[in-house]
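Comments concern the structure below.
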Amino acid sequence: MTVDRDNLLELPTGWVWAEIGYICEGIVPGRTKPKNFDGTIPWITLPDVKGLYISKSKSHLAVTREDAEEVGMRVMPKGTVLMSCVGQFGIICIAEDDLVPNQQFHGFLCLDKIFPEYIAYSLMTQVDQMKQLSSATTIAYINKTKCNSIQIPLAPLNEQRRIVAKIEALKARSQRVKEEVEAIPALLDQFRQSVLATAFRGDLTADWREKNPDVEPASVLLERIRAERRHRWEEAELEKMKVQGKTPKDDKWKAKYKEPKPVDINNLPELPDGWHWIAVEEFADVGTGATPLRNEQKYYECGTIPWVTSGALNEPFISTAKEYITALAIKETNAKIFPKYTLLVALYGEGKTRGKVSELVIEATTNQACAALILEGIAAKIRPTVKLFFQKNYSDLRRLASGGVQPNLNLSMIKATAVPLPPLEEQTEIIRAVARCMLIADAVEKQYLESIELINHLDQSILAKAFRGELVPQDPNDEPASILLERIRAEREKLDTKKKAKGKTEKKSHKAKPELAEPKQLSLPGFE
């Protein structure tokens with residue numbers, strides 16, 4: 001496929017459209033990876049490109065010139081413009097030193113003092129043309145001929161200098177703004193954590209408490225929760241005995257009930273009046289799920305029960321699952337179905353998952369990497385506060401984890417976690433106050449995302465204007481780009497003549513001395 005020249009934009013006076021392979025030497029890197037990486041010339045791949053200039057690889061791989069040439073790889077000299085030609089188009093950079101790129105790049109070495117920066121920036125505006133030229137395969141690519149056929153708008157040499165200078169000045173300003181704006185997410189995280197910390201110190205509702213001194217203290221709320229949990233246990237025990245055909249003769253069986261251990265407050269911060277420390281096991285049933293055997297299709301095939309893993313806990317609410325298991329899996333394994341509004345805490349997981357809290361809004365089961373906190377009856381009223389506290393306590397909870405390479409939390413740690421419990425009415429006020437602060441943070445975050453998008457769009461707009469001839473004024477005294485092309489044509493003819501003459505000399509030398517080994521064929525880069 002060739003580019004439709006009729007659809008190319010009209011250029012300013014003195015400019016011309018030119019095939020990049022005509023004004024630059026096209027250099028193909030080669031397809032074979034070097035065998036050794038014990039040299040000093042950097043081996044470059046696409047992930048190494050992070051800016052306009054490149055001089056080393058993140059992997060610190062480097063080769064010798066001899067090893068590169070042995071497998072047909074090309075050493076790209078300093079100043080070569082590298083363009084991605086496989087998969088993702090538009091990745092452009094300039095070699096600051098000699099380097100060897102892999103086969104995902106095509107190189108362009110500028111002729112007649114053309115600025116590498118001008119070529120690089122102009123290529124960044126031609127991604128659509130690259131896609132048009134690419135071959136329609138599983139992984140799109142552009143071969144050597146099509147790479148060299150890319151049309152770029154060529155400005156007079158002096159105007160190229162002005163364009164590059166203006167682009168770099170504007171990009172430097174936008175980069176400074178971007179760096180300042182990119183500090184916002186970290187500040188928002190600090191703000192959100194500060195709000196939560198303030199909430200659970202009681203500072204966020206200090207004024208509210210002064211105006212509402214007669215609310216029921218949390219200690220009374222805790223006694224109601226304890227009484228209800230004991231009553232629920234007793235009902236469950238009576239039901240068991242009934243199923244077994246037993247009738248209790250007295251109340252001695254009630255002594256089997258084990259009250260959860262109260263929190264040791266000796267090493268805990270002092271709380272505001274009316275607040276109370278409470279362990280998770282005092283208000284919640286804590287359990288976990290299981291992973292049915294993977295090689296048992298009967299546990300997974302046509303499953304309808306959502307099966308949640310710790311990776312899902314990066315979202316505040318869980319309304320769906322990536323996998324589903326069967327009722328048979330629940331029956332034959334340790335998996336359990338947890339009710340709606342169960343709080344899940346990640347016991348372990350890659351990255352920052354461990355310690356995250358989320359809430360089921362569906363009935364679901366989990367794997368063993370999640371702790372499930374079921375709050376029922378009166379305890380259900382404190383669920384929003386408990387969830388908020390786990391969000392606040394995320395970093396502290398992660399530090400509690402133990403183990404080797406992958407530290408883990410366990411159910412005992414979760415059960416023993418001490419939660420500061422405000423009076424129920426104050427909890428409502430805390431939730432409201434935190435929500436107001438979080439709305440502010442969310443609004444700022446939205447503005448941040450919009451700003452980043454605008455900054456990225458600004459950089460593209462700068463380049464677009466530059467290569468429409470709108471970024472800097474044209475100077476009628478500048479030598480037209482058409483004359484520049486003529487000089488390049490003459491330079492290329494001169495190089496071709498030298499190449500042919502050198503080839504004839506080598507051929508005669510070979511005939512005159514047949515007993516000698518055939519000399520190695522020399523060639524100019526890009527003209528093999």
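Residue numbers start at 1 in each chain; chains themselves are named A, B, ... in the order of the structure tokens; ligands are numbered from 1 in the order shown.
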If you count only C-alpha atoms, which residues fall within 8 Å of Lys33 in chain A, apart from same-chain ones fewer than 3 positions away, as a PyMOL selection string?
chain A and resi 71+73+102
Got time to write the residues from that selection, N, CA and C atoms, as a CSV table (one decimal), in the first residue's frame?
```
chain,number,residue,atom,x,y,z
A,71,VAL,N,25.8,-11.4,13.6
A,71,VAL,CA,24.4,-11.9,13.4
A,71,VAL,C,23.6,-10.9,12.5
A,73,MET,N,23.1,-7.6,12.8
A,73,MET,CA,22.5,-6.5,13.4
A,73,MET,C,23.4,-5.2,13.0
A,102,ASN,N,16.8,-3.6,18.5
A,102,ASN,CA,16.3,-4.8,18.0
A,102,ASN,C,15.4,-4.6,16.7
```
Range 237-247 of chain A environment, 10 Å, only C-alpha atoms, sequence neighbours closer than 5 positions dropped, as a PyMOL selection string:
chain A and resi 231-232+253-254+256-257
Write the residues of the selection above to a file with N, CA and C atoms, as a compact mmCIF listing (two decimals), in the first residue's frame.
```txt
# COMPACT_ATOMS: atom_id res chain seq x y z
N HIS A 231 -27.51 -14.19 72.22
CA HIS A 231 -28.86 -14.71 72.00
C HIS A 231 -28.92 -15.49 70.70
N ARG A 232 -28.26 -15.02 69.66
CA ARG A 232 -28.26 -15.71 68.37
C ARG A 232 -27.53 -17.06 68.50
N TRP A 253 -25.94 -25.65 79.70
CA TRP A 253 -25.39 -25.64 78.36
C TRP A 253 -24.98 -24.25 77.89
N LYS A 254 -25.61 -23.24 78.50
CA LYS A 254 -25.29 -21.85 78.11
C LYS A 254 -23.87 -21.45 78.49
N LYS A 256 -21.29 -22.95 77.77
CA LYS A 256 -20.36 -23.26 76.68
C LYS A 256 -20.03 -22.01 75.84
N TYR A 257 -20.86 -21.02 75.94
CA TYR A 257 -20.64 -19.82 75.12
C TYR A 257 -19.36 -19.11 75.58
```
All residues 8 Å or closer to range 323-330 of chain A, only C-alpha atoms, same chain fewer than 2 positions away omitted, as a PyMOL selection string:
chain A and resi 292+298-308+321+332-337
File of the preceding selection, N, CA, C and O atoms, as a PDB file, in the first residue's frame:
```pdb
ATOM      1  N   PRO A 292     -11.686 -24.511  45.292  1.00  0.00           N
ATOM      2  CA  PRO A 292     -11.957 -25.897  44.880  1.00  0.00           C
ATOM      3  C   PRO A 292     -10.870 -26.379  43.917  1.00  0.00           C
ATOM      4  O   PRO A 292     -10.283 -25.583  43.182  1.00  0.00           O
ATOM      5  N   LYS A 298     -16.168 -30.426  37.661  1.00  0.00           N
ATOM      6  CA  LYS A 298     -17.491 -30.405  38.288  1.00  0.00           C
ATOM      7  C   LYS A 298     -17.651 -29.230  39.250  1.00  0.00           C
ATOM      8  O   LYS A 298     -18.760 -28.846  39.594  1.00  0.00           O
ATOM      9  N   TYR A 299     -16.532 -28.668  39.695  1.00  0.00           N
ATOM     10  CA  TYR A 299     -16.594 -27.534  40.610  1.00  0.00           C
ATOM     11  C   TYR A 299     -16.711 -26.194  39.875  1.00  0.00           C
ATOM     12  O   TYR A 299     -17.041 -25.179  40.494  1.00  0.00           O
ATOM     13  N   TYR A 300     -16.416 -26.187  38.588  1.00  0.00           N
ATOM     14  CA  TYR A 300     -16.366 -24.920  37.851  1.00  0.00           C
ATOM     15  C   TYR A 300     -17.301 -24.879  36.640  1.00  0.00           C
ATOM     16  O   TYR A 300     -17.879 -23.828  36.348  1.00  0.00           O
ATOM     17  N   GLU A 301     -17.440 -25.983  35.949  1.00  0.00           N
ATOM     18  CA  GLU A 301     -18.208 -25.986  34.701  1.00  0.00           C
ATOM     19  C   GLU A 301     -19.680 -25.662  34.961  1.00  0.00           C
ATOM     20  O   GLU A 301     -20.332 -26.277  35.807  1.00  0.00           O
ATOM     21  N   CYS A 302     -20.176 -24.652  34.261  1.00  0.00           N
ATOM     22  CA  CYS A 302     -21.563 -24.180  34.404  1.00  0.00           C
ATOM     23  C   CYS A 302     -21.853 -23.659  35.818  1.00  0.00           C
ATOM     24  O   CYS A 302     -23.002 -23.713  36.284  1.00  0.00           O
ATOM     25  N   GLY A 303     -20.829 -23.190  36.516  1.00  0.00           N
ATOM     26  CA  GLY A 303     -21.026 -22.642  37.860  1.00  0.00           C
ATOM     27  C   GLY A 303     -21.840 -21.364  37.831  1.00  0.00           C
ATOM     28  O   GLY A 303     -21.783 -20.574  36.880  1.00  0.00           O
ATOM     29  N   THR A 304     -22.613 -21.124  38.878  1.00  0.00           N
ATOM     30  CA  THR A 304     -23.469 -19.917  38.961  1.00  0.00           C
ATOM     31  C   THR A 304     -23.208 -19.105  40.227  1.00  0.00           C
ATOM     32  O   THR A 304     -23.789 -18.041  40.397  1.00  0.00           O
ATOM     33  N   ILE A 305     -22.345 -19.603  41.107  1.00  0.00           N
ATOM     34  CA  ILE A 305     -22.076 -18.904  42.375  1.00  0.00           C
ATOM     35  C   ILE A 305     -20.815 -18.063  42.211  1.00  0.00           C
ATOM     36  O   ILE A 305     -19.735 -18.590  41.937  1.00  0.00           O
ATOM     37  N   PRO A 306     -20.920 -16.744  42.367  1.00  0.00           N
ATOM     38  CA  PRO A 306     -19.738 -15.885  42.200  1.00  0.00           C
ATOM     39  C   PRO A 306     -18.613 -16.303  43.155  1.00  0.00           C
ATOM     40  O   PRO A 306     -18.844 -16.518  44.346  1.00  0.00           O
ATOM     41  N   TRP A 307     -17.405 -16.403  42.611  1.00  0.00           N
ATOM     42  CA  TRP A 307     -16.227 -16.791  43.401  1.00  0.00           C
ATOM     43  C   TRP A 307     -15.231 -15.644  43.321  1.00  0.00           C
ATOM     44  O   TRP A 307     -14.683 -15.349  42.264  1.00  0.00           O
ATOM     45  N   VAL A 308     -15.022 -14.971  44.452  1.00  0.00           N
ATOM     46  CA  VAL A 308     -14.246 -13.729  44.502  1.00  0.00           C
ATOM     47  C   VAL A 308     -12.850 -14.003  45.040  1.00  0.00           C
ATOM     48  O   VAL A 308     -12.690 -14.715  46.041  1.00  0.00           O
ATOM     49  N   ALA A 321     -18.145 -11.186  39.611  1.00  0.00           N
ATOM     50  CA  ALA A 321     -16.930 -11.983  39.793  1.00  0.00           C
ATOM     51  C   ALA A 321     -16.403 -12.422  38.441  1.00  0.00           C
ATOM     52  O   ALA A 321     -17.151 -12.526  37.472  1.00  0.00           O
ATOM     53  N   GLU A 332     -18.913 -29.881  48.763  1.00  0.00           N
ATOM     54  CA  GLU A 332     -17.818 -30.824  48.950  1.00  0.00           C
ATOM     55  C   GLU A 332     -16.503 -30.179  49.364  1.00  0.00           C
ATOM     56  O   GLU A 332     -15.512 -30.886  49.579  1.00  0.00           O
ATOM     57  N   THR A 333     -16.457 -28.867  49.486  1.00  0.00           N
ATOM     58  CA  THR A 333     -15.215 -28.199  49.896  1.00  0.00           C
ATOM     59  C   THR A 333     -15.510 -27.281  51.078  1.00  0.00           C
ATOM     60  O   THR A 333     -16.629 -27.237  51.595  1.00  0.00           O
ATOM     61  N   ASN A 334     -14.485 -26.544  51.482  1.00  0.00           N
ATOM     62  CA  ASN A 334     -14.636 -25.592  52.589  1.00  0.00           C
ATOM     63  C   ASN A 334     -15.186 -24.242  52.137  1.00  0.00           C
ATOM     64  O   ASN A 334     -15.218 -23.294  52.925  1.00  0.00           O
ATOM     65  N   ALA A 335     -15.580 -24.150  50.887  1.00  0.00           N
ATOM     66  CA  ALA A 335     -16.145 -22.887  50.392  1.00  0.00           C
ATOM     67  C   ALA A 335     -17.472 -22.605  51.095  1.00  0.00           C
ATOM     68  O   ALA A 335     -18.219 -23.518  51.440  1.00  0.00           O
ATOM     69  N   LYS A 336     -17.735 -21.323  51.314  1.00  0.00           N
ATOM     70  CA  LYS A 336     -18.977 -20.897  51.973  1.00  0.00           C
ATOM     71  C   LYS A 336     -19.575 -19.743  51.178  1.00  0.00           C
ATOM     72  O   LYS A 336     -18.845 -18.940  50.595  1.00  0.00           O
ATOM     73  N   ILE A 337     -20.882 -19.649  51.187  1.00  0.00           N
ATOM     74  CA  ILE A 337     -21.548 -18.515  50.548  1.00  0.00           C
ATOM     75  C   ILE A 337     -21.762 -17.442  51.602  1.00  0.00           C
ATOM     76  O   ILE A 337     -22.394 -17.682  52.636  1.00  0.00           O
TER      77      ILE A 337
END
```
All alpha helix (DSSP H) positions in range 252-360 of chain A, as a VMD selection string:
chain A and resid 327 to 332
Go ahead and save the residues from that selection, with N, CA and C atoms, as an mmCIF file, in the first residue's frame.
```
data_model
loop_
_atom_site.group_PDB
_atom_site.id
_atom_site.type_symbol
_atom_site.label_atom_id
_atom_site.label_comp_id
_atom_site.auth_asym_id
_atom_site.auth_seq_id
_atom_site.Cartn_x
_atom_site.Cartn_y
_atom_site.Cartn_z
ATOM 1 N N ALA A 327 -22.732 -25.400 42.957
ATOM 2 C CA ALA A 327 -23.245 -25.722 44.295
ATOM 3 C C ALA A 327 -22.535 -26.946 44.856
ATOM 4 N N LEU A 328 -22.106 -27.859 43.978
ATOM 5 C CA LEU A 328 -21.384 -29.052 44.416
ATOM 6 C C LEU A 328 -20.049 -28.664 45.064
ATOM 7 N N ALA A 329 -19.417 -27.618 44.540
ATOM 8 C CA ALA A 329 -18.152 -27.143 45.125
ATOM 9 C C ALA A 329 -18.374 -26.649 46.552
ATOM 10 N N ILE A 330 -19.494 -25.986 46.771
ATOM 11 C CA ILE A 330 -19.823 -25.509 48.114
ATOM 12 C C ILE A 330 -20.052 -26.703 49.051
ATOM 13 N N LYS A 331 -20.704 -27.716 48.543
ATOM 14 C CA LYS A 331 -21.052 -28.878 49.360
ATOM 15 C C LYS A 331 -19.832 -29.719 49.711
ATOM 16 N N GLU A 332 -18.913 -29.881 48.763
ATOM 17 C CA GLU A 332 -17.818 -30.824 48.950
ATOM 18 C C GLU A 332 -16.503 -30.179 49.364
#
```
If you count only C-alpha atoms, which residues fall within 8 Å of Leu421 in chain A, apart from same-chain ones fewer than 6 positions away, as a count of residues only?
5
Rank A:Ser134, A:Leu99, A:Gly30, A:Val75 by their smallest atom-to-atom distance to His60 in chain A, using only C-alpha atoms, and report the top residue only.
A:Leu99
Using only C-alpha atoms, pick whichever of A:Ala136, A:Pro476, A:Val100, A:Glu234 has the shortest atom-to-atom distance to Asp251 in chain A.
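Distance minimum relative to Asp251 in chain A lands on A:Glu234.
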